[in-house]
$ cat upload-v4.cif   # mmCIF, C-alpha atoms and all ligand atoms; chains and numbers go by the auth columns
data_start
#
loop_
_atom_site.group_PDB
_atom_site.id
_atom_site.type_symbol
_atom_site.label_atom_id
_atom_site.label_comp_id
_atom_site.label_asym_id
_atom_site.label_seq_id
_atom_site.Cartn_x
_atom_site.Cartn_y
_atom_site.Cartn_z
_atom_site.B_iso_or_equiv
_atom_site.auth_seq_id
_atom_site.auth_asym_id
ATOM 1 C CA MET A 1 5.633 -15.303 6.109 0.00 1 A
ATOM 2 C CA THR A 2 4.906 -17.186 2.918 0.00 2 A
ATOM 3 C CA THR A 3 6.984 -19.394 0.681 0.00 3 A
ATOM 4 C CA ASN A 4 4.890 -18.862 -2.441 0.00 4 A
ATOM 5 C CA PRO A 5 6.863 -16.185 -4.372 0.00 5 A
ATOM 6 C CA LEU A 6 3.925 -14.978 -6.476 0.00 6 A
ATOM 7 C CA PHE A 7 2.509 -11.531 -5.715 0.00 7 A
ATOM 8 C CA VAL A 8 -0.389 -10.655 -8.003 0.00 8 A
ATOM 9 C CA ALA A 9 -0.876 -6.927 -8.745 0.00 9 A
ATOM 10 C CA LEU A 10 -4.596 -6.143 -8.550 0.00 10 A
ATOM 11 C CA ASP A 11 -4.491 -2.947 -10.591 0.00 11 A
ATOM 12 C CA THR A 12 -8.106 -1.894 -11.052 0.00 12 A
ATOM 13 C CA MET A 13 -10.512 0.873 -10.027 0.00 13 A
ATOM 14 C CA ASP A 14 -13.294 -1.665 -9.653 0.00 14 A
ATOM 15 C CA LEU A 15 -13.735 -2.663 -6.010 0.00 15 A
ATOM 16 C CA SER A 16 -15.913 -5.685 -6.626 0.00 16 A
ATOM 17 C CA ARG A 17 -13.491 -6.971 -9.252 0.00 17 A
ATOM 18 C CA ALA A 18 -10.552 -6.556 -6.848 0.00 18 A
ATOM 19 C CA ARG A 19 -12.471 -8.431 -4.153 0.00 19 A
ATOM 20 C CA ALA A 20 -13.338 -11.240 -6.567 0.00 20 A
ATOM 21 C CA TRP A 21 -9.719 -11.541 -7.728 0.00 21 A
ATOM 22 C CA ALA A 22 -8.496 -11.586 -4.110 0.00 22 A
ATOM 23 C CA ARG A 23 -10.967 -14.385 -3.287 0.00 23 A
ATOM 24 C CA ASP A 24 -10.043 -16.383 -6.371 0.00 24 A
ATOM 25 C CA LEU A 25 -6.324 -16.049 -5.612 0.00 25 A
ATOM 26 C CA ARG A 26 -6.604 -16.883 -1.904 0.00 26 A
ATOM 27 C CA ASP A 27 -4.921 -20.261 -2.221 0.00 27 A
ATOM 28 C CA LEU A 28 -2.794 -19.482 -5.269 0.00 28 A
ATOM 29 C CA ALA A 29 -0.902 -16.261 -4.583 0.00 29 A
ATOM 30 C CA GLY A 30 1.698 -15.686 -1.871 0.00 30 A
ATOM 31 C CA GLY A 31 0.453 -12.107 -1.706 0.00 31 A
ATOM 32 C CA ILE A 32 -1.727 -9.569 -3.415 0.00 32 A
ATOM 33 C CA LYS A 33 -0.498 -6.130 -4.348 0.00 33 A
ATOM 34 C CA LEU A 34 -2.762 -3.100 -4.122 0.00 34 A
ATOM 35 C CA GLY A 35 -1.262 0.001 -5.686 0.00 35 A
ATOM 36 C CA LEU A 36 -1.979 3.527 -6.753 0.00 36 A
ATOM 37 C CA GLU A 37 -4.891 2.898 -9.121 0.00 37 A
ATOM 38 C CA PHE A 38 -6.885 0.984 -6.538 0.00 38 A
ATOM 39 C CA PHE A 39 -5.863 3.171 -3.589 0.00 39 A
ATOM 40 C CA VAL A 40 -6.677 6.475 -5.274 0.00 40 A
ATOM 41 C CA ALA A 41 -10.108 5.108 -6.146 0.00 41 A
ATOM 42 C CA HIS A 42 -10.995 3.396 -2.856 0.00 42 A
ATOM 43 C CA GLY A 43 -8.533 4.423 -0.131 0.00 43 A
ATOM 44 C CA PRO A 44 -8.077 2.611 3.192 0.00 44 A
ATOM 45 C CA GLU A 45 -11.700 1.431 3.278 0.00 45 A
ATOM 46 C CA GLY A 46 -11.216 -0.271 -0.085 0.00 46 A
ATOM 47 C CA VAL A 47 -8.065 -1.971 1.163 0.00 47 A
ATOM 48 C CA ARG A 48 -9.983 -3.257 4.202 0.00 48 A
ATOM 49 C CA ALA A 49 -12.798 -4.472 1.943 0.00 49 A
ATOM 50 C CA VAL A 50 -10.311 -6.531 -0.082 0.00 50 A
ATOM 51 C CA ARG A 51 -8.644 -7.855 3.082 0.00 51 A
ATOM 52 C CA ASP A 52 -12.060 -8.923 4.403 0.00 52 A
ATOM 53 C CA THR A 53 -12.257 -11.525 1.628 0.00 53 A
ATOM 54 C CA GLY A 54 -9.558 -13.479 3.480 0.00 54 A
ATOM 55 C CA SER A 55 -7.029 -12.462 0.847 0.00 55 A
ATOM 56 C CA PRO A 56 -3.375 -13.495 0.924 0.00 56 A
ATOM 57 C CA PRO A 57 -0.936 -11.108 2.690 0.00 57 A
ATOM 58 C CA LEU A 58 -1.010 -7.526 1.463 0.00 58 A
ATOM 59 C CA PHE A 59 1.728 -5.767 -0.449 0.00 59 A
ATOM 60 C CA LEU A 60 0.644 -2.119 -0.207 0.00 60 A
ATOM 61 C CA ASP A 61 2.481 -0.456 -3.058 0.00 61 A
ATOM 62 C CA LEU A 62 2.025 3.298 -2.647 0.00 62 A
ATOM 63 C CA LYS A 63 5.655 4.147 -3.530 0.00 63 A
ATOM 64 C CA PHE A 64 6.054 7.034 -1.110 0.00 64 A
ATOM 65 C CA HIS A 65 8.481 9.705 -2.305 0.00 65 A
ATOM 66 C CA ASP A 66 8.485 13.012 -0.405 0.00 66 A
ATOM 67 C CA ILE A 67 10.370 14.776 2.380 0.00 67 A
ATOM 68 C CA PRO A 68 11.184 12.508 5.347 0.00 68 A
ATOM 69 C CA ASN A 69 8.559 13.999 7.669 0.00 69 A
ATOM 70 C CA THR A 70 5.764 13.554 5.132 0.00 70 A
ATOM 71 C CA VAL A 71 6.783 10.021 4.243 0.00 71 A
ATOM 72 C CA ALA A 72 7.021 9.076 7.922 0.00 72 A
ATOM 73 C CA GLY A 73 3.451 10.319 8.424 0.00 73 A
ATOM 74 C CA ALA A 74 2.163 8.410 5.409 0.00 74 A
ATOM 75 C CA VAL A 75 3.892 5.255 6.638 0.00 75 A
ATOM 76 C CA ARG A 76 2.356 5.638 10.095 0.00 76 A
ATOM 77 C CA ALA A 77 -1.089 5.907 8.478 0.00 77 A
ATOM 78 C CA ALA A 78 -0.401 2.889 6.240 0.00 78 A
ATOM 79 C CA VAL A 79 0.670 0.702 9.195 0.00 79 A
ATOM 80 C CA ARG A 80 -2.971 0.705 10.356 0.00 80 A
ATOM 81 C CA LEU A 81 -3.862 -1.331 7.257 0.00 81 A
ATOM 82 C CA GLU A 82 -1.536 -4.098 8.501 0.00 82 A
ATOM 83 C CA PRO A 83 0.383 -4.564 5.253 0.00 83 A
ATOM 84 C CA TRP A 84 3.018 -7.244 5.032 0.00 84 A
ATOM 85 C CA VAL A 85 5.098 -5.006 2.740 0.00 85 A
ATOM 86 C CA LEU A 86 5.174 -1.239 2.017 0.00 86 A
ATOM 87 C CA THR A 87 7.095 0.573 -0.717 0.00 87 A
ATOM 88 C CA VAL A 88 9.020 3.850 -0.925 0.00 88 A
ATOM 89 C CA HIS A 89 11.013 5.259 -3.857 0.00 89 A
ATOM 90 C CA ALA A 90 14.764 4.911 -3.239 0.00 90 A
ATOM 91 C CA PRO A 91 15.576 8.164 -5.125 0.00 91 A
ATOM 92 C CA GLY A 92 13.897 9.952 -2.192 0.00 92 A
ATOM 93 C CA GLY A 93 17.241 9.459 -0.455 0.00 93 A
ATOM 94 C CA ARG A 94 18.691 7.884 2.641 0.00 94 A
ATOM 95 C CA ALA A 95 17.069 10.171 5.235 0.00 95 A
ATOM 96 C CA MET A 96 13.654 9.603 3.687 0.00 96 A
ATOM 97 C CA MET A 97 14.133 5.824 3.674 0.00 97 A
ATOM 98 C CA GLU A 98 15.364 5.842 7.289 0.00 98 A
ATOM 99 C CA ALA A 99 12.352 7.888 8.308 0.00 99 A
ATOM 100 C CA ALA A 100 10.072 5.367 6.578 0.00 100 A
ATOM 101 C CA GLY A 101 11.677 2.352 8.245 0.00 101 A
ATOM 102 C CA ASP A 102 11.705 3.986 11.685 0.00 102 A
ATOM 103 C CA ALA A 103 8.099 5.158 11.375 0.00 103 A
ATOM 104 C CA ALA A 104 6.922 1.680 10.345 0.00 104 A
ATOM 105 C CA ALA A 105 8.631 0.000 13.284 0.00 105 A
ATOM 106 C CA GLU A 106 7.639 2.611 15.890 0.00 106 A
ATOM 107 C CA GLU A 107 4.011 2.871 14.823 0.00 107 A
ATOM 108 C CA ALA A 108 3.547 -0.881 14.562 0.00 108 A
ATOM 109 C CA ASP A 109 5.032 -1.341 18.046 0.00 109 A
ATOM 110 C CA ARG A 110 2.903 1.493 19.444 0.00 110 A
ATOM 111 C CA LEU A 111 -0.298 -0.018 18.041 0.00 111 A
ATOM 112 C CA ASN A 112 0.771 -3.569 18.761 0.00 112 A
ATOM 113 C CA LEU A 113 0.490 -4.513 15.084 0.00 113 A
ATOM 114 C CA PRO A 114 2.878 -6.586 12.995 0.00 114 A
ATOM 115 C CA ARG A 115 5.864 -4.555 11.709 0.00 115 A
ATOM 116 C CA PRO A 116 5.539 -4.212 7.919 0.00 116 A
ATOM 117 C CA LYS A 117 8.568 -4.757 5.763 0.00 117 A
ATOM 118 C CA VAL A 118 9.607 -1.533 4.040 0.00 118 A
ATOM 119 C CA ILE A 119 11.249 -1.987 0.667 0.00 119 A
ATOM 120 C CA ALA A 120 12.638 0.538 -1.819 0.00 120 A
ATOM 121 C CA VAL A 121 11.815 0.799 -5.507 0.00 121 A
ATOM 122 C CA THR A 122 15.074 1.394 -7.389 0.00 122 A
ATOM 123 C CA VAL A 123 14.747 2.023 -11.155 0.00 123 A
ATOM 124 C CA LEU A 124 11.264 1.391 -12.543 0.00 124 A
ATOM 125 C CA THR A 125 11.048 -1.621 -14.838 0.00 125 A
ATOM 126 C CA SER A 126 9.413 0.530 -17.514 0.00 126 A
ATOM 127 C CA LEU A 127 12.677 2.466 -18.003 0.00 127 A
ATOM 128 C CA ASP A 128 15.598 1.437 -20.213 0.00 128 A
ATOM 129 C CA ASP A 129 18.974 3.174 -20.534 0.00 129 A
ATOM 130 C CA ARG A 130 17.631 5.718 -22.971 0.00 130 A
ATOM 131 C CA ASP A 131 14.775 6.673 -20.663 0.00 131 A
ATOM 132 C CA LEU A 132 17.177 6.921 -17.744 0.00 132 A
ATOM 133 C CA LYS A 133 19.442 9.272 -19.707 0.00 133 A
ATOM 134 C CA THR A 134 16.518 11.600 -20.345 0.00 134 A
ATOM 135 C CA THR A 135 16.206 11.996 -16.562 0.00 135 A
ATOM 136 C CA GLY A 136 19.866 13.050 -16.314 0.00 136 A
ATOM 137 C CA ILE A 137 21.264 9.681 -15.253 0.00 137 A
ATOM 138 C CA ASN A 138 23.939 8.549 -17.672 0.00 138 A
ATOM 139 C CA ASP A 139 24.752 5.246 -15.955 0.00 139 A
ATOM 140 C CA ALA A 140 23.265 1.955 -17.113 0.00 140 A
ATOM 141 C CA PRO A 141 20.114 0.911 -15.188 0.00 141 A
ATOM 142 C CA ALA A 142 22.047 -1.834 -13.355 0.00 142 A
ATOM 143 C CA ASP A 143 24.605 0.684 -12.024 0.00 143 A
ATOM 144 C CA GLN A 144 21.886 3.045 -10.842 0.00 144 A
ATOM 145 C CA VAL A 145 19.995 0.134 -9.243 0.00 145 A
ATOM 146 C CA ARG A 146 23.149 -0.910 -7.346 0.00 146 A
ATOM 147 C CA ARG A 147 23.759 2.657 -6.156 0.00 147 A
ATOM 148 C CA LEU A 148 20.176 3.010 -4.892 0.00 148 A
ATOM 149 C CA ALA A 149 20.224 -0.474 -3.391 0.00 149 A
ATOM 150 C CA ALA A 150 23.322 0.381 -1.354 0.00 150 A
ATOM 151 C CA LEU A 151 21.576 3.512 -0.088 0.00 151 A
ATOM 152 C CA ALA A 152 18.469 1.532 0.892 0.00 152 A
ATOM 153 C CA MET A 153 20.592 -0.995 2.769 0.00 153 A
ATOM 154 C CA GLU A 154 22.419 1.835 4.599 0.00 154 A
ATOM 155 C CA ALA A 155 18.955 3.053 5.592 0.00 155 A
ATOM 156 C CA ASP A 156 18.346 -0.445 7.007 0.00 156 A
ATOM 157 C CA LEU A 157 15.328 -1.243 4.806 0.00 157 A
ATOM 158 C CA ASP A 158 14.137 -4.818 4.320 0.00 158 A
ATOM 159 C CA GLY A 159 14.571 -5.141 0.593 0.00 159 A
ATOM 160 C CA LEU A 160 14.307 -3.740 -2.894 0.00 160 A
ATOM 161 C CA VAL A 161 12.120 -3.664 -5.950 0.00 161 A
ATOM 162 C CA CYS A 162 14.176 -4.046 -9.124 0.00 162 A
ATOM 163 C CA SER A 163 13.887 -5.645 -12.523 0.00 163 A
ATOM 164 C CA PRO A 164 14.822 -9.320 -12.841 0.00 164 A
ATOM 165 C CA ARG A 165 17.845 -8.235 -14.838 0.00 165 A
ATOM 166 C CA GLU A 166 19.518 -6.715 -11.766 0.00 166 A
ATOM 167 C CA VAL A 167 18.664 -9.473 -9.322 0.00 167 A
ATOM 168 C CA ALA A 168 21.796 -11.586 -9.784 0.00 168 A
ATOM 169 C CA VAL A 169 24.161 -8.697 -9.233 0.00 169 A
ATOM 170 C CA LEU A 170 22.193 -7.489 -6.199 0.00 170 A
ATOM 171 C CA ARG A 171 22.226 -10.967 -4.633 0.00 171 A
ATOM 172 C CA ALA A 172 25.994 -11.059 -5.159 0.00 172 A
ATOM 173 C CA ASP A 173 26.338 -7.591 -3.578 0.00 173 A
ATOM 174 C CA LEU A 174 23.903 -8.031 -0.707 0.00 174 A
ATOM 175 C CA GLY A 175 23.716 -11.735 0.154 0.00 175 A
ATOM 176 C CA PRO A 176 20.629 -13.814 0.898 0.00 176 A
ATOM 177 C CA LYS A 177 18.821 -11.606 3.422 0.00 177 A
ATOM 178 C CA PRO A 178 17.089 -8.721 1.605 0.00 178 A
ATOM 179 C CA MET A 179 13.775 -9.273 -0.139 0.00 179 A
ATOM 180 C CA LEU A 180 14.357 -8.787 -3.867 0.00 180 A
ATOM 181 C CA VAL A 181 10.971 -8.214 -5.440 0.00 181 A
ATOM 182 C CA THR A 182 10.803 -8.170 -9.207 0.00 182 A
ATOM 183 C CA PRO A 183 8.048 -6.800 -11.393 0.00 183 A
ATOM 184 C CA GLY A 184 8.825 -6.748 -15.101 0.00 184 A
ATOM 185 C CA VAL A 185 8.165 -10.475 -15.060 0.00 185 A
ATOM 186 C CA ARG A 186 6.517 -11.979 -18.091 0.00 186 A
ATOM 187 C CA PRO A 187 5.665 -15.642 -18.677 0.00 187 A
ATOM 188 C CA SER A 188 6.691 -16.721 -22.184 0.00 188 A
ATOM 189 C CA TRP A 189 2.984 -16.683 -23.187 0.00 189 A
ATOM 190 C CA ALA A 190 2.385 -13.045 -22.125 0.00 190 A
ATOM 191 C CA VAL A 191 3.052 -9.693 -23.813 0.00 191 A
ATOM 192 C CA ALA A 192 5.536 -7.229 -22.295 0.00 192 A
ATOM 193 C CA GLY A 193 3.324 -4.119 -22.678 0.00 193 A
ATOM 194 C CA ASP A 194 5.033 -1.086 -21.117 0.00 194 A
ATOM 195 C CA GLN A 195 7.598 -3.213 -19.237 0.00 195 A
ATOM 196 C CA LYS A 196 11.081 -2.863 -20.735 0.00 196 A
ATOM 197 C CA ARG A 197 13.531 -4.720 -18.456 0.00 197 A
ATOM 198 C CA VAL A 198 11.817 -8.128 -18.387 0.00 198 A
ATOM 199 C CA MET A 199 12.501 -11.835 -17.827 0.00 199 A
ATOM 200 C CA THR A 200 10.347 -14.920 -17.347 0.00 200 A
ATOM 201 C CA PRO A 201 9.298 -15.999 -13.819 0.00 201 A
ATOM 202 C CA ASP A 202 11.694 -18.969 -13.689 0.00 202 A
ATOM 203 C CA GLN A 203 14.606 -16.832 -14.903 0.00 203 A
ATOM 204 C CA ALA A 204 13.851 -14.193 -12.244 0.00 204 A
ATOM 205 C CA LEU A 205 13.751 -16.779 -9.436 0.00 205 A
ATOM 206 C CA ALA A 206 16.878 -18.553 -10.709 0.00 206 A
ATOM 207 C CA ALA A 207 18.681 -15.195 -10.642 0.00 207 A
ATOM 208 C CA GLY A 208 17.800 -14.828 -6.954 0.00 208 A
ATOM 209 C CA ALA A 209 14.481 -12.974 -6.758 0.00 209 A
ATOM 210 C CA SER A 210 12.577 -13.704 -3.550 0.00 210 A
ATOM 211 C CA HIS A 211 9.236 -12.561 -4.960 0.00 211 A
ATOM 212 C CA LEU A 212 7.692 -11.936 -8.360 0.00 212 A
ATOM 213 C CA VAL A 213 5.091 -9.261 -9.070 0.00 213 A
ATOM 214 C CA ILE A 214 2.795 -10.152 -11.937 0.00 214 A
ATOM 215 C CA GLY A 215 -0.273 -8.172 -12.877 0.00 215 A
ATOM 216 C CA ARG A 216 -1.828 -8.084 -16.321 0.00 216 A
ATOM 217 C CA PRO A 217 -0.758 -11.549 -17.502 0.00 217 A
ATOM 218 C CA ILE A 218 -2.991 -12.834 -14.671 0.00 218 A
ATOM 219 C CA THR A 219 -5.635 -10.123 -14.207 0.00 219 A
ATOM 220 C CA GLY A 220 -6.105 -9.734 -17.965 0.00 220 A
ATOM 221 C CA ALA A 221 -6.930 -13.441 -18.323 0.00 221 A
ATOM 222 C CA PRO A 222 -10.542 -14.636 -18.433 0.00 222 A
ATOM 223 C CA ASP A 223 -9.968 -16.556 -15.182 0.00 223 A
ATOM 224 C CA VAL A 224 -7.325 -15.270 -12.772 0.00 224 A
ATOM 225 C CA ALA A 225 -7.091 -18.595 -10.950 0.00 225 A
ATOM 226 C CA VAL A 226 -6.343 -20.483 -14.156 0.00 226 A
ATOM 227 C CA ALA A 227 -3.683 -17.942 -15.156 0.00 227 A
ATOM 228 C CA ALA A 228 -2.065 -17.964 -11.694 0.00 228 A
ATOM 229 C CA ARG A 229 -1.990 -21.769 -11.762 0.00 229 A
ATOM 230 C CA HIS A 230 -0.362 -21.593 -15.186 0.00 230 A
ATOM 231 C CA VAL A 231 2.425 -19.357 -13.786 0.00 231 A
ATOM 232 C CA LEU A 232 2.961 -21.677 -10.805 0.00 232 A
ATOM 233 C CA GLU A 233 3.023 -24.771 -13.034 0.00 233 A
ATOM 234 C CA ASP A 234 5.612 -23.120 -15.314 0.00 234 A
ATOM 235 C CA LEU A 235 7.787 -22.656 -12.229 0.00 235 A
ATOM 236 C CA GLN A 236 7.641 -26.358 -11.404 0.00 236 A
ATOM 237 C CA ASP A 237 8.754 -27.505 -14.884 0.00 237 A
HETATM 238 O O1 LIG B . 6.731 -1.249 -7.239 0.00 1 B
HETATM 239 C C1 LIG B . 6.234 -1.982 -8.085 0.00 1 B
HETATM 240 O O2 LIG B . 5.526 -2.915 -7.758 0.00 1 B
HETATM 241 C C2 LIG B . 6.645 -1.790 -9.485 0.00 1 B
HETATM 242 C C3 LIG B . 7.913 -1.306 -9.696 0.00 1 B
HETATM 243 C C4 LIG B . 8.458 -1.303 -10.988 0.00 1 B
HETATM 244 O O3 LIG B . 9.612 -0.941 -11.204 0.00 1 B
HETATM 245 N N1 LIG B . 7.690 -1.760 -12.002 0.00 1 B
HETATM 246 C C5 LIG B . 6.408 -2.200 -11.830 0.00 1 B
HETATM 247 O O4 LIG B . 5.778 -2.628 -12.812 0.00 1 B
HETATM 248 N N2 LIG B . 5.852 -2.170 -10.566 0.00 1 B
HETATM 249 C C6 LIG B . 4.452 -2.586 -10.357 0.00 1 B
HETATM 250 O O5 LIG B . 4.315 -3.967 -10.700 0.00 1 B
HETATM 251 C C7 LIG B . 3.079 -4.215 -11.366 0.00 1 B
HETATM 252 C C8 LIG B . 3.379 -4.822 -12.708 0.00 1 B
HETATM 253 O O6 LIG B . 2.189 -5.117 -13.355 0.00 1 B
HETATM 254 P P1 LIG B . 2.138 -5.829 -14.765 0.00 1 B
HETATM 255 O O7 LIG B . 3.050 -5.064 -15.688 0.00 1 B
HETATM 256 O O8 LIG B . 0.699 -5.729 -15.147 0.00 1 B
HETATM 257 O O9 LIG B . 2.621 -7.244 -14.554 0.00 1 B
HETATM 258 C C9 LIG B . 2.343 -2.888 -11.434 0.00 1 B
HETATM 259 O O10 LIG B . 1.417 -2.865 -10.365 0.00 1 B
HETATM 260 C C10 LIG B . 3.418 -1.833 -11.199 0.00 1 B
HETATM 261 O O11 LIG B . 2.922 -0.731 -10.494 0.00 1 B
#

$ encode --input "upload-v4.cif" --output "structure tokens" --more "lines below"
Ligand SMILES: O=C(O)c1cc(=O)[nH]c(=O)n1[C@@H]1O[C@H](COP(=O)(O)O)[C@@H](O)[C@H]1O
Amino acid sequence: MTTNPLFVALDTMDLSRARAWARDLRDLAGGIKLGLEFFVAHGPEGVRAVRDTGSPPLFLDLKFHDIPNTVAGAVRAAVRLEPWVLTVHAPGGRAMMEAAGDAAAEEADRLNLPRPKVIAVTVLTSLDDRDLKTTGINDAPADQVRRLAALAMEADLDGLVCSPREVAVLRADLGPKPMLVTPGVRPSWAVAGDQKRVMTPDQALAAGASHLVIGRPITGAPDVAVAARHVLEDLQD
């Protein structure tokens, strides 16, 4: 749908700020991402209010993770917001992911809306091997990401969210087709914050990422358009 790989995460509770960012990024971002902070504060009406600014395509990142029936219902409700991309958590399992993909396709067809892409979040980019061990998973993050990625592909989903560090191995495993969306991306001039498995935008794309998710390095800047341009210029160097 878009060749610009930059998704900007508009993580804020402030509706007018989100609308202003979406307007400012209209010609600079390949997509905008609205996630839990914004959605819990403003719900579907807030999403529509941001879309009404003529924003770039919507990545609706609600990371559904529940029993298959509940996730299918949430996906059917989300389809009405006409997102380009929706997320579920891969650890919810194959049946849950299949239910999400089927619900997205069926509901979009029923309502005559575009079918959203459903992608699965593997291992959060804020976790390193030590964090993963504390959840009972003794494998390295890359091994767990590959295991969950295989499950998501068996469930016929459209792609994955992973850290840039796993992108190369996933591209080798899965080929060119799946969307590989990578948060945990930090330009050399930005701080990592709570992100632990990070790389720069050009490294992530060179490894095979199809899309980059960047939030605070852009939304924390005095002017989001200037910061987004900076990221895009870095990619052209
Ligand atoms: O699904 C996501 O988008 C996601 C998955 C993940 O593993 N790590 C991760 O940071 N994210 C999201 O990506 C964005 C990253 O934002 P910044 O850390 O501010 O660049 C946030 O909106 C997170 O919710």

$ closest_residue --input "upload-v4.cif" --among "A:Arg26, A:Arg197, A:Arg110, A:Arg51" --to "Cys162 in chain A" --atoms "only C-alpha atoms"
A:Arg197

$ closest_atom_pairs --input "upload-v4.cif" --of "chain A" --to "ligand LIG 1 (chain B)" --cutoff "9 Å" --atoms "all atoms listed in the file" --output "JSON lines"
{"residue": "A:Val8", "atom": "CA", "partner": "B:LIG1", "partner_atom": "O9", "distance": 8.0}
{"residue": "A:Ala9", "atom": "CA", "partner": "B:LIG1", "partner_atom": "O10", "distance": 4.9}
{"residue": "A:Leu10", "atom": "CA", "partner": "B:LIG1", "partner_atom": "O10", "distance": 7.1}
{"residue": "A:Asp11", "atom": "CA", "partner": "B:LIG1", "partner_atom": "O10", "distance": 5.9}
{"residue": "A:Lys33", "atom": "CA", "partner": "B:LIG1", "partner_atom": "O10", "distance": 7.1}
{"residue": "A:Leu34", "atom": "CA", "partner": "B:LIG1", "partner_atom": "O10", "distance": 7.5}
{"residue": "A:Gly35", "atom": "CA", "partner": "B:LIG1", "partner_atom": "O10", "distance": 6.1}
{"residue": "A:Leu36", "atom": "CA", "partner": "B:LIG1", "partner_atom": "O11", "distance": 7.5}
{"residue": "A:Glu37", "atom": "CA", "partner": "B:LIG1", "partner_atom": "O10", "distance": 8.6}
{"residue": "A:Phe59", "atom": "CA", "partner": "B:LIG1", "partner_atom": "O2", "distance": 8.7}
{"residue": "A:Asp61", "atom": "CA", "partner": "B:LIG1", "partner_atom": "O1", "distance": 6.0}
{"residue": "A:Leu62", "atom": "CA", "partner": "B:LIG1", "partner_atom": "O1", "distance": 8.0}
{"residue": "A:Lys63", "atom": "CA", "partner": "B:LIG1", "partner_atom": "O1", "distance": 6.6}
{"residue": "A:Thr87", "atom": "CA", "partner": "B:LIG1", "partner_atom": "O1", "distance": 6.8}
{"residue": "A:Val88", "atom": "CA", "partner": "B:LIG1", "partner_atom": "O1", "distance": 8.4}
{"residue": "A:His89", "atom": "CA", "partner": "B:LIG1", "partner_atom": "O1", "distance": 8.5}
{"residue": "A:Ala120", "atom": "CA", "partner": "B:LIG1", "partner_atom": "O1", "distance": 8.2}
{"residue": "A:Val121", "atom": "CA", "partner": "B:LIG1", "partner_atom": "O1", "distance": 5.7}
{"residue": "A:Thr122", "atom": "CA", "partner": "B:LIG1", "partner_atom": "O3", "distance": 7.1}
{"residue": "A:Val123", "atom": "CA", "partner": "B:LIG1", "partner_atom": "O3", "distance": 5.9}
{"residue": "A:Leu124", "atom": "CA", "partner": "B:LIG1", "partner_atom": "O3", "distance": 3.2}
{"residue": "A:Thr125", "atom": "CA", "partner": "B:LIG1", "partner_atom": "O3", "distance": 4.0}
{"residue": "A:Ser126", "atom": "CA", "partner": "B:LIG1", "partner_atom": "N1", "distance": 6.2}
{"residue": "A:Leu127", "atom": "CA", "partner": "B:LIG1", "partner_atom": "O3", "distance": 8.2}
{"residue": "A:Val161", "atom": "CA", "partner": "B:LIG1", "partner_atom": "O1", "distance": 6.0}
{"residue": "A:Cys162", "atom": "CA", "partner": "B:LIG1", "partner_atom": "O3", "distance": 5.9}
{"residue": "A:Ser163", "atom": "CA", "partner": "B:LIG1", "partner_atom": "O3", "distance": 6.5}
{"residue": "A:Val181", "atom": "CA", "partner": "B:LIG1", "partner_atom": "O2", "distance": 7.9}
{"residue": "A:Thr182", "atom": "CA", "partner": "B:LIG1", "partner_atom": "C3", "distance": 7.5}
{"residue": "A:Pro183", "atom": "CA", "partner": "B:LIG1", "partner_atom": "O5", "distance": 4.7}
{"residue": "A:Gly184", "atom": "CA", "partner": "B:LIG1", "partner_atom": "O4", "distance": 5.6}
{"residue": "A:Val185", "atom": "CA", "partner": "B:LIG1", "partner_atom": "O9", "distance": 6.4}
{"residue": "A:Arg186", "atom": "CA", "partner": "B:LIG1", "partner_atom": "O9", "distance": 7.1}
{"residue": "A:Ala192", "atom": "CA", "partner": "B:LIG1", "partner_atom": "O7", "distance": 7.4}
{"residue": "A:Gly193", "atom": "CA", "partner": "B:LIG1", "partner_atom": "O7", "distance": 7.1}
{"residue": "A:Asp194", "atom": "CA", "partner": "B:LIG1", "partner_atom": "O7", "distance": 7.0}
{"residue": "A:Gln195", "atom": "CA", "partner": "B:LIG1", "partner_atom": "O7", "distance": 6.1}
{"residue": "A:Leu212", "atom": "CA", "partner": "B:LIG1", "partner_atom": "O5", "distance": 9.0}
{"residue": "A:Val213", "atom": "CA", "partner": "B:LIG1", "partner_atom": "O5", "distance": 5.6}
{"residue": "A:Ile214", "atom": "CA", "partner": "B:LIG1", "partner_atom": "O9", "distance": 3.9}
{"residue": "A:Gly215", "atom": "CA", "partner": "B:LIG1", "partner_atom": "O9", "distance": 3.5}
{"residue": "A:Arg216", "atom": "CA", "partner": "B:LIG1", "partner_atom": "O8", "distance": 3.6}
{"residue": "A:Pro217", "atom": "CA", "partner": "B:LIG1", "partner_atom": "O9", "distance": 6.2}
{"residue": "A:Ile218", "atom": "CA", "partner": "B:LIG1", "partner_atom": "O9", "distance": 7.9}
{"residue": "A:Thr219", "atom": "CA", "partner": "B:LIG1", "partner_atom": "O8", "distance": 7.8}
{"residue": "A:Gly220", "atom": "CA", "partner": "B:LIG1", "partner_atom": "O8", "distance": 8.4}

$ residues_around --input "upload-v4.cif" --residues "Ala100 in chain A" --least-positions-apart "3" --cutoff "6 Å" --atoms "only C-alpha atoms" --output "PyMOL selection string"
chain A and resi 72+97+103

$ atom_distance --input "upload-v4.cif" --atom1 "CA of Ala221 in chain A" --atom2 "CA of Ala204 in chain A"
21.7 Å

$ closest_residue --input "upload-v4.cif" --among "A:Asp128, A:Asp14, A:Glu154, A:Asp143" --to "Glu98 in chain A" --atoms "only C-alpha atoms"
A:Glu154

$ residues_around --input "upload-v4.cif" --residues "Gly43 in chain A" --least-positions-apart "2" --cutoff "12 Å" --atoms "all atoms listed in the file" --output "PyMOL selection string"
chain A and resi 13+15+34-41+45-50+60+62+77-78+81

$ closest_residue --input "upload-v4.cif" --among "A:Pro178, A:Pro222, A:Pro164, A:Gly136" --to "Asp202 in chain A" --atoms "all atoms listed in the file"
A:Pro164
